[in-house]
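K.L.:
To be precise about what I am sending: the file is called target-v7.txt and holds compact mmCIF, C-alpha atoms.
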# COMPACT_ATOMS: atom_id res chain seq x y z
CA MET A 1 -53.24 105.03 -11.46
CA SER A 2 -55.88 106.72 -9.27
CA GLY A 3 -55.00 109.21 -6.55
CA HIS A 4 -56.10 106.73 -3.94
CA ASP A 5 -53.76 104.06 -5.29
CA HIS A 6 -50.94 106.52 -5.36
CA HIS A 7 -51.52 107.38 -1.74
CA HIS A 8 -51.69 103.71 -0.85
CA HIS A 9 -48.37 102.93 -2.56
CA HIS A 10 -46.77 105.96 -0.98
CA ASP A 11 -47.68 104.60 2.43
CA HIS A 12 -45.88 101.36 1.63
CA GLU A 13 -42.58 103.09 1.58
CA HIS A 14 -42.97 104.25 5.15
CA ASP A 15 -44.90 101.48 6.83
CA ASN A 16 -44.18 97.79 6.98
CA HIS A 17 -47.28 96.96 4.97
CA PHE A 18 -47.21 93.72 3.07
CA THR A 19 -49.27 92.40 0.23
CA PRO A 20 -51.66 89.65 1.36
CA ILE A 21 -49.35 86.86 0.22
CA GLU A 22 -46.30 88.50 1.77
CA ALA A 23 -48.19 88.76 5.05
CA ARG A 24 -49.26 85.12 4.84
CA VAL A 25 -45.72 83.91 4.24
CA LYS A 26 -44.35 86.13 7.01
CA ALA A 27 -46.93 84.66 9.39
CA LEU A 28 -46.06 81.11 8.37
CA GLU A 29 -42.34 81.74 8.71
CA SER A 30 -42.61 83.33 12.15
CA LEU A 31 -44.86 80.52 13.39
CA MET A 32 -42.49 77.85 12.09
CA VAL A 33 -39.54 79.55 13.77
CA GLU A 34 -41.36 80.35 17.01
CA LYS A 35 -42.57 76.77 17.39
CA GLY A 36 -39.09 75.46 16.78
CA TYR A 37 -39.86 73.63 13.55
CA VAL A 38 -37.34 75.44 11.37
CA ASP A 39 -33.99 77.04 11.95
CA PRO A 40 -33.84 80.50 10.32
CA ALA A 41 -30.23 79.75 9.37
CA ALA A 42 -31.44 76.70 7.45
CA LEU A 43 -33.92 78.83 5.50
CA ASP A 44 -31.12 81.23 4.56
CA ALA A 45 -28.83 78.35 3.57
CA ILE A 46 -31.52 76.76 1.37
CA ILE A 47 -32.19 80.04 -0.42
CA ASP A 48 -28.48 80.69 -0.87
CA THR A 49 -28.00 77.20 -2.31
CA TYR A 50 -30.52 77.72 -5.08
CA GLU A 51 -29.55 81.34 -5.74
CA THR A 52 -25.81 80.87 -5.92
CA LYS A 53 -24.68 77.23 -5.87
CA ILE A 54 -27.09 75.03 -7.80
CA GLY A 55 -28.22 76.07 -11.26
CA PRO A 56 -27.96 75.29 -14.97
CA ARG A 57 -24.20 75.91 -15.00
CA ASN A 58 -23.93 72.51 -13.28
CA GLY A 59 -25.74 70.80 -16.11
CA ALA A 60 -23.69 72.72 -18.67
CA ARG A 61 -20.52 71.26 -17.15
CA VAL A 62 -22.00 67.77 -17.48
CA VAL A 63 -22.79 68.39 -21.15
CA ALA A 64 -19.40 69.94 -21.89
CA LYS A 65 -17.61 67.00 -20.31
CA ALA A 66 -19.77 64.54 -22.26
CA TRP A 67 -18.86 66.39 -25.46
CA SER A 68 -15.15 66.35 -24.63
CA ASP A 69 -14.69 62.92 -23.12
CA PRO A 70 -16.27 59.92 -24.91
CA ALA A 71 -15.63 57.65 -21.91
CA TYR A 72 -17.51 60.08 -19.68
CA ALA A 73 -20.34 60.26 -22.22
CA ALA A 74 -20.58 56.47 -22.14
CA ARG A 75 -20.73 56.46 -18.33
CA LEU A 76 -23.37 59.22 -18.42
CA LYS A 77 -25.47 57.18 -20.82
CA ALA A 78 -25.13 54.04 -18.70
CA ASP A 79 -25.77 55.63 -15.26
CA GLY A 80 -26.69 59.31 -15.19
CA THR A 81 -26.84 59.50 -11.39
CA ALA A 82 -23.29 58.18 -10.95
CA ALA A 83 -21.86 60.25 -13.81
CA VAL A 84 -23.21 63.59 -12.56
CA ALA A 85 -22.00 62.63 -9.07
CA GLU A 86 -18.46 62.46 -10.51
CA LEU A 87 -18.73 66.23 -10.94
CA GLY A 88 -20.14 66.63 -7.42
CA TYR A 89 -23.79 67.01 -8.40
CA GLY A 90 -26.81 65.10 -7.12
CA GLY A 91 -29.26 64.87 -4.26
CA ARG A 92 -32.56 66.57 -3.57
CA GLY A 93 -34.84 66.71 -6.59
CA GLY A 94 -32.46 64.63 -8.67
CA GLU A 95 -31.78 61.47 -6.72
CA HIS A 96 -32.18 59.38 -9.90
CA ILE A 97 -30.92 60.96 -13.12
CA VAL A 98 -31.21 59.75 -16.71
CA ALA A 99 -29.35 61.58 -19.49
CA CYS A 100 -31.22 61.76 -22.81
CA PHE A 101 -28.77 62.13 -25.70
CA ASN A 102 -29.98 63.98 -28.78
CA THR A 103 -28.99 62.37 -32.08
CA ARG A 104 -29.49 63.26 -35.71
CA GLU A 105 -32.38 60.79 -35.66
CA GLU A 106 -34.09 61.89 -32.43
CA HIS A 107 -34.50 65.04 -30.35
CA ASN A 108 -35.47 64.84 -26.67
CA LEU A 109 -37.85 67.06 -24.72
CA ILE A 110 -38.49 66.98 -20.95
CA VAL A 111 -41.79 67.78 -19.24
CA CYS A 112 -43.73 67.02 -16.08
CA THR A 113 -47.42 67.03 -16.99
CA LEU A 114 -48.60 66.24 -13.44
CA CYS A 115 -46.59 68.78 -11.43
CA SER A 116 -43.20 70.43 -11.81
CA CYS A 117 -40.55 67.66 -11.58
CA TYR A 118 -37.25 69.03 -12.82
CA PRO A 119 -33.61 67.95 -12.33
CA TRP A 120 -32.72 70.41 -9.54
CA PRO A 121 -29.10 69.34 -8.90
CA VAL A 122 -28.09 69.94 -12.51
CA LEU A 123 -30.52 72.67 -13.67
CA GLY A 124 -31.52 74.45 -10.44
CA LEU A 125 -35.09 75.63 -9.94
CA PRO A 126 -37.45 75.42 -12.93
CA PRO A 127 -38.55 78.54 -14.82
CA VAL A 128 -42.17 79.63 -14.47
CA TRP A 129 -43.17 78.46 -17.95
CA TYR A 130 -41.99 74.92 -17.17
CA LYS A 131 -44.41 74.73 -14.22
CA SER A 132 -47.32 76.41 -15.99
CA PRO A 133 -50.32 74.88 -17.79
CA PRO A 134 -49.45 75.85 -21.40
CA TYR A 135 -46.19 73.89 -21.43
CA ARG A 136 -47.41 70.96 -19.33
CA ALA A 137 -50.50 70.60 -21.52
CA LYS A 138 -48.90 71.03 -24.94
CA ALA A 139 -45.51 69.30 -24.77
CA VAL A 140 -46.91 65.76 -24.92
CA ILE A 141 -49.61 66.28 -27.56
CA ASP A 142 -47.81 68.78 -29.79
CA PRO A 143 -44.08 68.65 -29.19
CA ARG A 144 -43.11 70.33 -32.45
CA GLY A 145 -45.62 73.12 -31.85
CA THR A 146 -44.15 73.51 -28.37
CA LEU A 147 -40.66 73.81 -29.82
CA ALA A 148 -41.99 76.40 -32.29
CA ASP A 149 -43.08 78.52 -29.29
CA PHE A 150 -39.37 78.68 -28.44
CA GLY A 151 -38.35 79.41 -32.03
CA VAL A 152 -36.92 75.93 -32.53
CA THR A 153 -37.56 73.96 -35.74
CA LEU A 154 -36.13 70.46 -35.99
CA PRO A 155 -34.70 69.20 -39.29
CA ASP A 156 -36.95 67.02 -41.43
CA GLY A 157 -36.50 63.40 -40.50
CA GLN A 158 -35.52 64.02 -36.89
CA ARG A 159 -38.00 62.32 -34.59
CA VAL A 160 -39.04 63.94 -31.33
CA ARG A 161 -39.21 62.07 -28.04
CA VAL A 162 -40.97 63.52 -25.00
CA TRP A 163 -40.11 62.32 -21.49
CA ASP A 164 -42.93 62.86 -18.98
CA SER A 165 -41.38 62.91 -15.47
CA THR A 166 -44.08 60.93 -13.69
CA ALA A 167 -41.79 59.29 -11.08
CA GLU A 168 -38.69 60.38 -9.14
CA THR A 169 -36.40 59.87 -12.12
CA ARG A 170 -35.21 63.21 -13.47
CA PHE A 171 -34.07 63.80 -17.02
CA ILE A 172 -31.45 66.04 -18.59
CA VAL A 173 -31.12 66.44 -22.34
CA ILE A 174 -27.60 66.17 -23.73
CA PRO A 175 -27.72 68.24 -26.91
CA MET A 176 -25.54 67.43 -29.92
CA ARG A 177 -22.24 69.25 -29.97
CA PRO A 178 -22.57 72.00 -32.58
CA GLU A 179 -20.23 72.21 -35.53
CA GLY A 180 -17.68 74.97 -35.26
CA THR A 181 -16.66 74.07 -31.71
CA GLU A 182 -13.69 71.89 -32.60
CA GLY A 183 -10.76 72.39 -30.25
CA TRP A 184 -12.78 74.31 -27.64
CA SER A 185 -12.04 73.79 -23.95
CA GLU A 186 -14.67 72.37 -21.61
CA ASP A 187 -15.19 75.87 -20.17
CA GLU A 188 -15.79 77.31 -23.62
CA LEU A 189 -18.14 74.49 -24.48
CA ALA A 190 -20.07 74.89 -21.21
CA SER A 191 -20.58 78.59 -21.95
CA ILE A 192 -22.83 77.83 -24.92
CA VAL A 193 -24.97 75.18 -23.21
CA SER A 194 -28.18 76.96 -22.26
CA ARG A 195 -30.67 75.78 -19.69
CA ASP A 196 -33.28 75.50 -22.42
CA SER A 197 -31.07 73.18 -24.47
CA MET A 198 -30.91 70.79 -21.49
CA ILE A 199 -34.72 70.78 -21.23
CA GLY A 200 -34.91 70.24 -24.98
CA VAL A 201 -36.59 73.52 -25.94
CA GLY A 202 -33.38 75.11 -27.19
CA LEU A 203 -30.25 74.26 -29.14
CA PRO A 204 -26.69 75.28 -28.33
CA SER A 205 -25.01 77.57 -30.82
CA PRO A 206 -21.32 78.49 -31.14
CA GLU A 207 -22.43 82.08 -31.71
CA ASN A 208 -23.54 82.25 -28.07
CA ARG A 209 -19.96 82.06 -26.81
CA PRO A 210 -19.44 85.08 -24.51
CA MET B 1 -57.51 61.77 -8.98
CA ASN B 2 -58.67 63.39 -12.19
CA SER B 3 -58.07 67.00 -11.30
CA ALA B 4 -56.73 70.16 -12.89
CA HIS B 5 -53.12 69.17 -12.29
CA ASP B 6 -53.31 66.33 -14.85
CA LEU B 7 -52.64 68.65 -17.77
CA GLY B 8 -51.14 66.48 -20.51
CA GLY B 9 -53.02 67.01 -23.78
CA GLN B 10 -55.44 69.66 -22.47
CA MET B 11 -56.08 72.61 -24.77
CA GLY B 12 -56.97 76.25 -24.55
CA PHE B 13 -54.03 77.53 -22.51
CA GLY B 14 -52.42 79.23 -25.50
CA PRO B 15 -48.76 79.17 -26.47
CA VAL B 16 -45.86 78.74 -24.08
CA VAL B 17 -44.54 82.20 -23.27
CA PRO B 18 -41.01 82.09 -21.86
CA GLU B 19 -39.84 85.13 -19.90
CA LYS B 20 -36.65 86.63 -21.24
CA ASP B 21 -33.81 86.65 -18.69
CA GLU B 22 -36.15 85.24 -16.06
CA PRO B 23 -34.89 85.75 -12.49
CA ILE B 24 -34.61 82.74 -10.17
CA PHE B 25 -37.31 84.24 -7.93
CA HIS B 26 -39.87 86.93 -8.71
CA ALA B 27 -40.41 88.04 -5.09
CA ASP B 28 -38.82 87.51 -1.70
CA TRP B 29 -41.85 85.58 -0.44
CA GLU B 30 -41.21 82.94 -3.11
CA LYS B 31 -37.76 82.33 -1.61
CA LYS B 32 -39.32 81.80 1.80
CA VAL B 33 -41.95 79.42 0.44
CA LEU B 34 -39.24 77.35 -1.22
CA ALA B 35 -37.10 77.31 1.92
CA ILE B 36 -39.93 76.55 4.36
CA ASN B 37 -41.17 73.83 2.04
CA VAL B 38 -37.76 72.15 1.91
CA ALA B 39 -37.26 72.53 5.67
CA ALA B 40 -40.76 71.15 6.38
CA GLY B 41 -39.96 68.12 4.24
CA ALA B 42 -36.84 67.53 6.31
CA MET B 43 -38.83 67.84 9.56
CA GLY B 44 -41.14 65.05 8.42
CA ALA B 45 -44.21 67.20 7.84
CA TRP B 46 -44.75 65.72 4.40
CA THR B 47 -43.73 63.00 1.97
CA ILE B 48 -43.29 63.86 -1.69
CA ASP B 49 -46.47 62.03 -2.62
CA GLY B 50 -48.45 63.42 0.30
CA ILE B 51 -47.58 67.01 -0.57
CA ARG B 52 -48.27 66.37 -4.26
CA HIS B 53 -51.72 65.12 -3.35
CA ALA B 54 -52.28 68.22 -1.22
CA ARG B 55 -51.39 70.39 -4.22
CA GLU B 56 -53.46 68.52 -6.78
CA SER B 57 -56.52 68.34 -4.56
CA LEU B 58 -56.78 72.13 -4.42
CA PRO B 59 -60.00 73.27 -6.15
CA PRO B 60 -59.35 73.26 -9.93
CA ALA B 61 -60.11 76.96 -10.39
CA GLN B 62 -57.66 77.82 -7.62
CA TYR B 63 -55.01 75.46 -9.00
CA LEU B 64 -55.17 76.89 -12.51
CA SER B 65 -55.18 80.52 -11.41
CA SER B 66 -52.30 80.21 -8.91
CA SER B 67 -48.60 80.52 -9.50
CA TYR B 68 -46.61 77.43 -8.58
CA TYR B 69 -45.27 78.97 -5.38
CA GLN B 70 -48.85 79.92 -4.45
CA ILE B 71 -49.81 76.27 -4.99
CA TRP B 72 -46.90 75.20 -2.80
CA LEU B 73 -47.92 77.61 -0.07
CA ALA B 74 -51.56 76.50 -0.07
CA ALA B 75 -50.55 72.82 0.09
CA LEU B 76 -47.98 73.47 2.80
CA ASP B 77 -50.53 75.27 4.99
CA LYS B 78 -52.96 72.40 4.45
CA VAL B 79 -50.45 69.66 5.30
CA LEU B 80 -49.05 71.46 8.36
CA VAL B 81 -52.60 71.73 9.75
CA GLU B 82 -53.53 68.14 8.82
CA GLN B 83 -50.38 66.84 10.50
CA GLY B 84 -51.04 68.84 13.66
CA PHE B 85 -48.00 71.10 13.48
CA LEU B 86 -50.02 74.30 13.17
CA SER B 87 -53.68 75.22 13.62
CA LYS B 88 -55.88 77.14 11.19
CA GLU B 89 -56.24 79.84 13.82
CA GLU B 90 -52.48 80.20 14.06
CA LEU B 91 -52.16 80.53 10.30
CA ALA B 92 -54.93 83.14 10.24
CA SER B 93 -53.56 85.20 13.11
CA GLY B 94 -49.83 84.58 12.81
CA VAL B 95 -49.79 84.09 16.59
CA ALA B 96 -48.71 80.76 18.08
CA GLY B 97 -51.42 79.29 20.26
CA SER B 98 -51.67 75.53 19.82
CA ALA B 99 -49.55 72.77 21.34
CA ARG B 100 -46.30 72.00 19.57
CA ARG B 101 -46.02 68.66 17.80
CA GLU B 102 -42.53 67.21 18.03
CA PRO B 103 -41.07 67.01 14.50
CA LYS B 104 -38.92 64.10 13.37
CA ARG B 105 -35.99 66.48 13.11
CA VAL B 106 -35.20 70.14 12.78
CA LEU B 107 -32.87 70.88 9.90
CA LYS B 108 -30.00 73.04 11.12
CA GLY B 109 -28.33 75.64 8.93
CA GLU B 110 -25.02 73.81 8.99
CA GLU B 111 -26.67 70.56 7.85
CA VAL B 112 -28.35 72.01 4.75
CA SER B 113 -25.64 71.34 2.19
CA THR B 114 -25.17 67.74 3.34
CA VAL B 115 -28.88 66.99 3.47
CA LEU B 116 -29.57 68.51 0.06
CA ARG B 117 -26.59 66.71 -1.47
CA ARG B 118 -27.72 63.36 -0.05
CA GLY B 119 -31.34 63.91 -1.06
CA PHE B 120 -34.05 61.39 -0.43
CA PRO B 121 -33.48 58.40 -2.73
CA TYR B 122 -36.64 56.51 -3.69
CA GLU B 123 -35.14 53.20 -4.81
CA ARG B 124 -35.66 50.24 -2.45
CA GLU B 125 -34.16 46.77 -2.13
CA THR B 126 -36.39 43.93 -3.32
CA THR B 127 -36.26 40.18 -3.70
CA VAL B 128 -39.25 40.18 -6.06
CA PRO B 129 -38.22 39.78 -9.72
CA ALA B 130 -39.37 42.38 -12.24
CA ARG B 131 -42.41 41.21 -14.19
CA PHE B 132 -41.37 42.91 -17.44
CA LYS B 133 -38.12 43.26 -19.37
CA VAL B 134 -36.82 45.72 -21.93
CA GLY B 135 -38.69 45.33 -25.22
CA ASP B 136 -41.85 43.84 -23.72
CA LYS B 137 -45.15 45.14 -25.05
CA VAL B 138 -47.40 46.36 -22.27
CA ARG B 139 -50.74 48.10 -21.89
CA THR B 140 -51.45 50.63 -19.15
CA ILE B 141 -54.50 49.97 -17.04
CA VAL B 142 -57.62 52.10 -17.19
CA MET B 143 -58.52 53.57 -13.82
CA HIS B 144 -60.00 56.77 -12.47
CA PRO B 145 -59.13 56.63 -8.78
CA GLN B 146 -60.29 59.21 -6.25
CA HIS B 147 -56.83 58.96 -4.69
CA HIS B 148 -53.40 60.12 -5.79
CA THR B 149 -51.84 58.43 -8.80
CA ARG B 150 -48.95 59.13 -11.15
CA LEU B 151 -50.51 57.49 -14.18
CA PRO B 152 -51.67 60.47 -16.25
CA ARG B 153 -55.07 60.32 -17.93
CA TYR B 154 -53.67 60.62 -21.45
CA ALA B 155 -51.61 57.44 -20.96
CA ARG B 156 -54.30 55.14 -19.55
CA GLY B 157 -55.35 52.12 -21.60
CA LYS B 158 -52.50 52.63 -24.09
CA GLN B 159 -50.07 50.14 -25.57
CA GLY B 160 -46.38 50.84 -25.26
CA VAL B 161 -42.97 49.22 -25.01
CA ILE B 162 -40.72 48.85 -21.97
CA GLU B 163 -37.57 50.83 -22.70
CA LEU B 164 -35.89 50.78 -19.31
CA VAL B 165 -36.27 48.86 -16.06
CA THR B 166 -35.46 51.60 -13.59
CA GLY B 167 -35.50 49.76 -10.28
CA CYS B 168 -37.85 49.15 -7.39
CA HIS B 169 -39.23 52.54 -6.32
CA VAL B 170 -41.54 53.87 -3.60
CA PHE B 171 -45.15 53.51 -4.79
CA PRO B 172 -46.97 56.86 -4.72
CA ASP B 173 -50.64 55.89 -4.94
CA THR B 174 -50.92 54.52 -1.41
CA GLY B 175 -48.04 56.35 0.26
CA ALA B 176 -49.65 59.70 -0.54
CA HIS B 177 -52.44 58.87 1.88
CA GLY B 178 -50.36 57.89 4.86
CA ALA B 179 -50.21 54.12 4.28
CA PRO B 180 -46.91 52.44 5.20
CA GLU B 181 -44.34 52.78 2.44
CA THR B 182 -44.35 50.11 -0.26
CA ALA B 183 -42.24 49.84 -3.40
CA GLN B 184 -42.74 48.39 -6.89
CA TRP B 185 -40.70 47.92 -10.03
CA LEU B 186 -40.65 51.07 -12.11
CA TYR B 187 -40.31 51.15 -15.90
CA THR B 188 -39.87 53.68 -18.67
CA VAL B 189 -42.68 52.93 -21.12
CA VAL B 190 -42.69 54.50 -24.60
CA PHE B 191 -45.83 55.15 -26.65
CA THR B 192 -46.09 56.36 -30.24
CA GLY B 193 -47.78 59.69 -30.82
CA PRO B 194 -50.69 58.10 -32.75
CA GLU B 195 -51.24 55.50 -29.98
CA LEU B 196 -51.79 58.32 -27.50
CA TRP B 197 -53.43 60.96 -29.65
CA GLY B 198 -55.02 59.19 -32.59
CA ARG B 199 -54.69 59.27 -36.34
CA ASP B 200 -53.93 62.97 -36.68
CA ALA B 201 -50.96 62.80 -34.33
CA ASP B 202 -47.40 63.33 -35.48
CA PRO B 203 -46.18 59.80 -36.38
CA THR B 204 -42.58 60.86 -35.79
CA SER B 205 -43.24 61.75 -32.15
CA SER B 206 -43.24 59.49 -29.12
CA VAL B 207 -43.84 60.02 -25.42
CA SER B 208 -42.62 58.05 -22.44
CA ILE B 209 -43.88 57.89 -18.89
CA GLU B 210 -42.40 56.30 -15.80
CA ALA B 211 -44.86 53.57 -14.82
CA TRP B 212 -44.99 51.44 -11.70
CA GLU B 213 -45.60 47.73 -12.29
CA SER B 214 -49.21 47.76 -11.10
CA TYR B 215 -50.02 50.35 -13.79
CA LEU B 216 -49.10 47.78 -16.48
CA GLU B 217 -50.43 44.59 -18.00
CA PRO B 218 -48.85 42.42 -20.71
CA ALA B 219 -50.08 43.37 -24.20
Render the structure in this file as structure tokens.

P.N.:
Amino acid sequence: MSGHDHHHHHDHEHDNHFTPIEARVKALESLMVEKGYVDPAALDAIIDTYETKIGPRNGARVVAKAWSDPAYAARLKADGTAAVAELGYGGRGGEHIVACFNTREEHNLIVCTLCSCYPWPVLGLPPVWYKSPPYRAKAVIDPRGTLADFGVTLPDGQRVRVWDSTAETRFIVIPMRPEGTEGWSEDELASIVSRDSMIGVGLPSPENRP
Amino acid sequence: MNSAHDLGGQMGFGPVVPEKDEPIFHADWEKKVLAINVAAGAMGAWTIDGIRHARESLPPAQYLSSSYYQIWLAALDKVLVEQGFLSKEELASGVAGSARREPKRVLKGEEVSTVLRRGFPYERETTVPARFKVGDKVRTIVMHPQHHTRLPRYARGKQGVIELVTGCHVFPDTGAHGAPETAQWLYTVVFTGPELWGRDADPTSSVSIEAWESYLEPA
């Protein structure tokens, strides 16, 4: 780091200097508030929702219940939107939900090649890689190579099915329940269901139990 | 439109590199962009298809070199100016100076959880019967429109099978450009890997898209 840069950074600690994008967003926010288009309390509530209330733990509860309750699994397969609503989940960014059940014959993988569609009510906000060109480009043309980027190798004979989220339907993968989880409670089961396993780029493992 | 956003099957981006223990946000400004974006949607500044078009019509070099929240911010600025809520001068200066346009609504803090939970469903009532049924063979149309579409390039002119009749959903291609809302039957259409990608493709892979009825012809 040059002396000039050091001086510049030092100044940051004392002045309210923002990076260009911080300044731009500050300007937008203050304009939107000043003109009465947004309520600052609403901005705080939206941020709080996605930081603390809506995230992949919701989806994990859906998966754990599907693993524990065959009748629930059947309802989830028949109408994903209604079945996740039974657990209180749904709404913005996941108005129409389809659950994609992995089987020994077929593994499911979710992508949005055109933008960043992702099942917000059950998985929260998408990770950066999900929204970025490498994943969006590769998942549809080379799904097994994409899985290899995550360290996942499917067994021989298991087909792979990619779901491109080109409409307002949102998809959640229901992984297969791993062996070695017999007798576990729904809470214990939910603890091993990773976000990645519900996108299809990971697999749940009993060794991940906290 | 055939722009940089239509990424399926493109090459040269390298492997997917997940970030270990990735935080929900990487900077406070990202939180604000998310929140303002959601609130602006509620105030009627954009429709989902209109804002998508604003994002995908960014210059390709800008699109590919921006983070997703940067893309959101650029599109939001553009739409707010186009819709007459803010002026370019205001965005540049940060000082309010233009007349206020009355929004459809202003989302209040206490309404957020209800509004997010309700969402904005896209299914519509129809009396028109669906043209296709589960199991039908279909072919996607070939088109290269200047306007917004949700039929990706890699899936144009391809033969597939209807797997699911989803319902009658808001049609994006016209709605993105301010036309009155219309709706069409929407289907899940499955294609084999070799149908999409040719003889070297993995024959044990398949890909589905969600396709509106006017994207499809009988095969």

K.L.:
Around the point (-41.4, 85.2, -27.3) (coordinates from the file), which residues reach within 10 Å if we count all atoms listed in the file? Answer as a list of chain:residue names.

P.N.:
A:Asp149, A:Phe150, A:Gly151, B:Pro15, B:Val16, B:Val17, B:Pro18, B:Glu19, B:Lys20

K.L.:
Please produce a file of the residues just selected, as a PDB file, in the frame of the given file, where the atoms kept are C-alpha atoms.

P.N.:
ATOM      1  CA  ASP A 149     -43.080  78.520 -29.290  1.00  0.00           C
ATOM      2  CA  PHE A 150     -39.370  78.680 -28.440  1.00  0.00           C
ATOM      3  CA  GLY A 151     -38.350  79.410 -32.030  1.00  0.00           C
TER       4      GLY A 151
ATOM      5  CA  PRO B  15     -48.760  79.170 -26.470  1.00  0.00           C
ATOM      6  CA  VAL B  16     -45.860  78.740 -24.080  1.00  0.00           C
ATOM      7  CA  VAL B  17     -44.540  82.200 -23.270  1.00  0.00           C
ATOM      8  CA  PRO B  18     -41.010  82.090 -21.860  1.00  0.00           C
ATOM      9  CA  GLU B  19     -39.840  85.130 -19.900  1.00  0.00           C
ATOM     10  CA  LYS B  20     -36.650  86.630 -21.240  1.00  0.00           C
TER      11      LYS B  20
END

K.L.:
Just want the 6 Å neighbourhood of Ala183 (chain B), counted on all atoms listed in the file, with same-chain residues fewer than 6 positions away dropped. Output as a list in words.

P.N.:
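My reading of the contact set: Cys168, His169, Val170 and Phe171 of chain B.
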
K.L.:
Residues of chain A within 6 Å of chain B: nearest atom pair and distance (Å, one decimal) for each, counting all atoms listed in the file, sorted by chain and number, as a tab-separated table?

P.N.:
residue	atom	partner	partner_atom	distance
A:Glu22	CA	B:Trp29	CA	5.8
A:Ala27	CA	B:Gly94	CA	4.5
A:Tyr37	CA	B:Val106	CA	5.9
A:Val38	CA	B:Val106	CA	5.9
A:Asp39	CA	B:Lys108	CA	5.7
A:Ala41	CA	B:Gly109	CA	4.5
A:Ala42	CA	B:Gly109	CA	3.6
A:Leu43	CA	B:Ala35	CA	5.0
A:Ile46	CA	B:Ala35	CA	5.6
A:Gly90	CA	B:Arg117	CA	5.9
A:Gly91	CA	B:Gly119	CA	3.9
A:Arg92	CA	B:Gly119	CA	3.9
A:Glu95	CA	B:Pro121	CA	5.3
A:Thr113	CA	B:Gly8	CA	5.2
A:Leu114	CA	B:Asp6	CA	4.9
A:Trp129	CA	B:Pro18	CA	5.8
A:Pro134	CA	B:Phe13	CA	5.0
A:Tyr135	CA	B:Val16	CA	5.5
A:Arg136	CA	B:Leu7	CA	5.9
A:Ala137	CA	B:Gly8	CA	4.3
A:Lys138	CA	B:Gly9	CA	5.9
A:Ile141	CA	B:Gly9	CA	5.1
A:Asp149	CA	B:Val16	CA	5.9
A:Arg159	CA	B:Thr204	CA	5.0
A:Val160	CA	B:Ser205	CA	4.8
A:Arg161	CA	B:Ser206	CA	4.9
A:Val162	CA	B:Val207	CA	4.5
A:Trp163	CA	B:Ser208	CA	5.0
A:Asp164	CA	B:Ile209	CA	5.1
A:Thr166	CA	B:Glu210	CA	5.4
A:Ala167	CA	B:Glu210	CA	5.6

K.L.:
Could you tell me how far CA of Gly41 (chain B) lies from CA of Ala82 (chain A), in Å and to one decimal?

P.N.:
24.6 Å

K.L.:
I need every residue sitting at most 6 Å from the point (-55.0, 61.7, -8.8) (coordinates as in the file, only C-alpha atoms considered), written as a ChimeraX atom specification.

P.N.:
/B:1-2,147-149

K.L.:
At what distance in Å, to one decimal, does CA of Tyr130 (chain A) lie from CA of Val81 (chain B)?

P.N.:
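The value is 29.1 Å.
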
K.L.:
Excluding Ile174 (chain A) and its own-chain neighbours fewer than 2 positions away, which residues fall within 8 Å of it when counting all atoms listed in the file? Please give them as a ChimeraX atom specification.

P.N.:
/A:63,99-102,172,176,197-198

K.L.:
Which residues come within 12 Å of Leu154 (chain A), counting all atoms listed in the file, excluding same-chain residues fewer than 2 positions away, as a list in words?

P.N.:
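Contacts, with the query itself left out: Asn102, Thr103, Arg104, Glu105, Glu106, His107, Asn108, Leu109, Pro143, Arg144, Gly145, Thr146, Leu147, Ala148, Phe150, Gly151, Val152, Asp156, Gly157, Gln158, Arg159, Val160, Arg161, Gly200, Val201, Gly202 and Leu203 of chain A; Thr204 and Ser205 of chain B.
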
K.L.:
Let me see the file: selected residues, C-alpha atoms, as a tab-separated table (two decimals), in the frame of the given file.

P.N.:
chain	number	residue	atom	x	y	z
A	102	ASN	CA	-29.98	63.98	-28.78
A	103	THR	CA	-28.99	62.37	-32.08
A	104	ARG	CA	-29.49	63.26	-35.71
A	105	GLU	CA	-32.38	60.79	-35.66
A	106	GLU	CA	-34.09	61.89	-32.43
A	107	HIS	CA	-34.50	65.04	-30.35
A	108	ASN	CA	-35.47	64.84	-26.67
A	109	LEU	CA	-37.85	67.06	-24.72
A	143	PRO	CA	-44.08	68.65	-29.19
A	144	ARG	CA	-43.11	70.33	-32.45
A	145	GLY	CA	-45.62	73.12	-31.85
A	146	THR	CA	-44.15	73.51	-28.37
A	147	LEU	CA	-40.66	73.81	-29.82
A	148	ALA	CA	-41.99	76.40	-32.29
A	150	PHE	CA	-39.37	78.68	-28.44
A	151	GLY	CA	-38.35	79.41	-32.03
A	152	VAL	CA	-36.92	75.93	-32.53
A	156	ASP	CA	-36.95	67.02	-41.43
A	157	GLY	CA	-36.50	63.40	-40.50
A	158	GLN	CA	-35.52	64.02	-36.89
A	159	ARG	CA	-38.00	62.32	-34.59
A	160	VAL	CA	-39.04	63.94	-31.33
A	161	ARG	CA	-39.21	62.07	-28.04
A	200	GLY	CA	-34.91	70.24	-24.98
A	201	VAL	CA	-36.59	73.52	-25.94
A	202	GLY	CA	-33.38	75.11	-27.19
A	203	LEU	CA	-30.25	74.26	-29.14
B	204	THR	CA	-42.58	60.86	-35.79
B	205	SER	CA	-43.24	61.75	-32.15
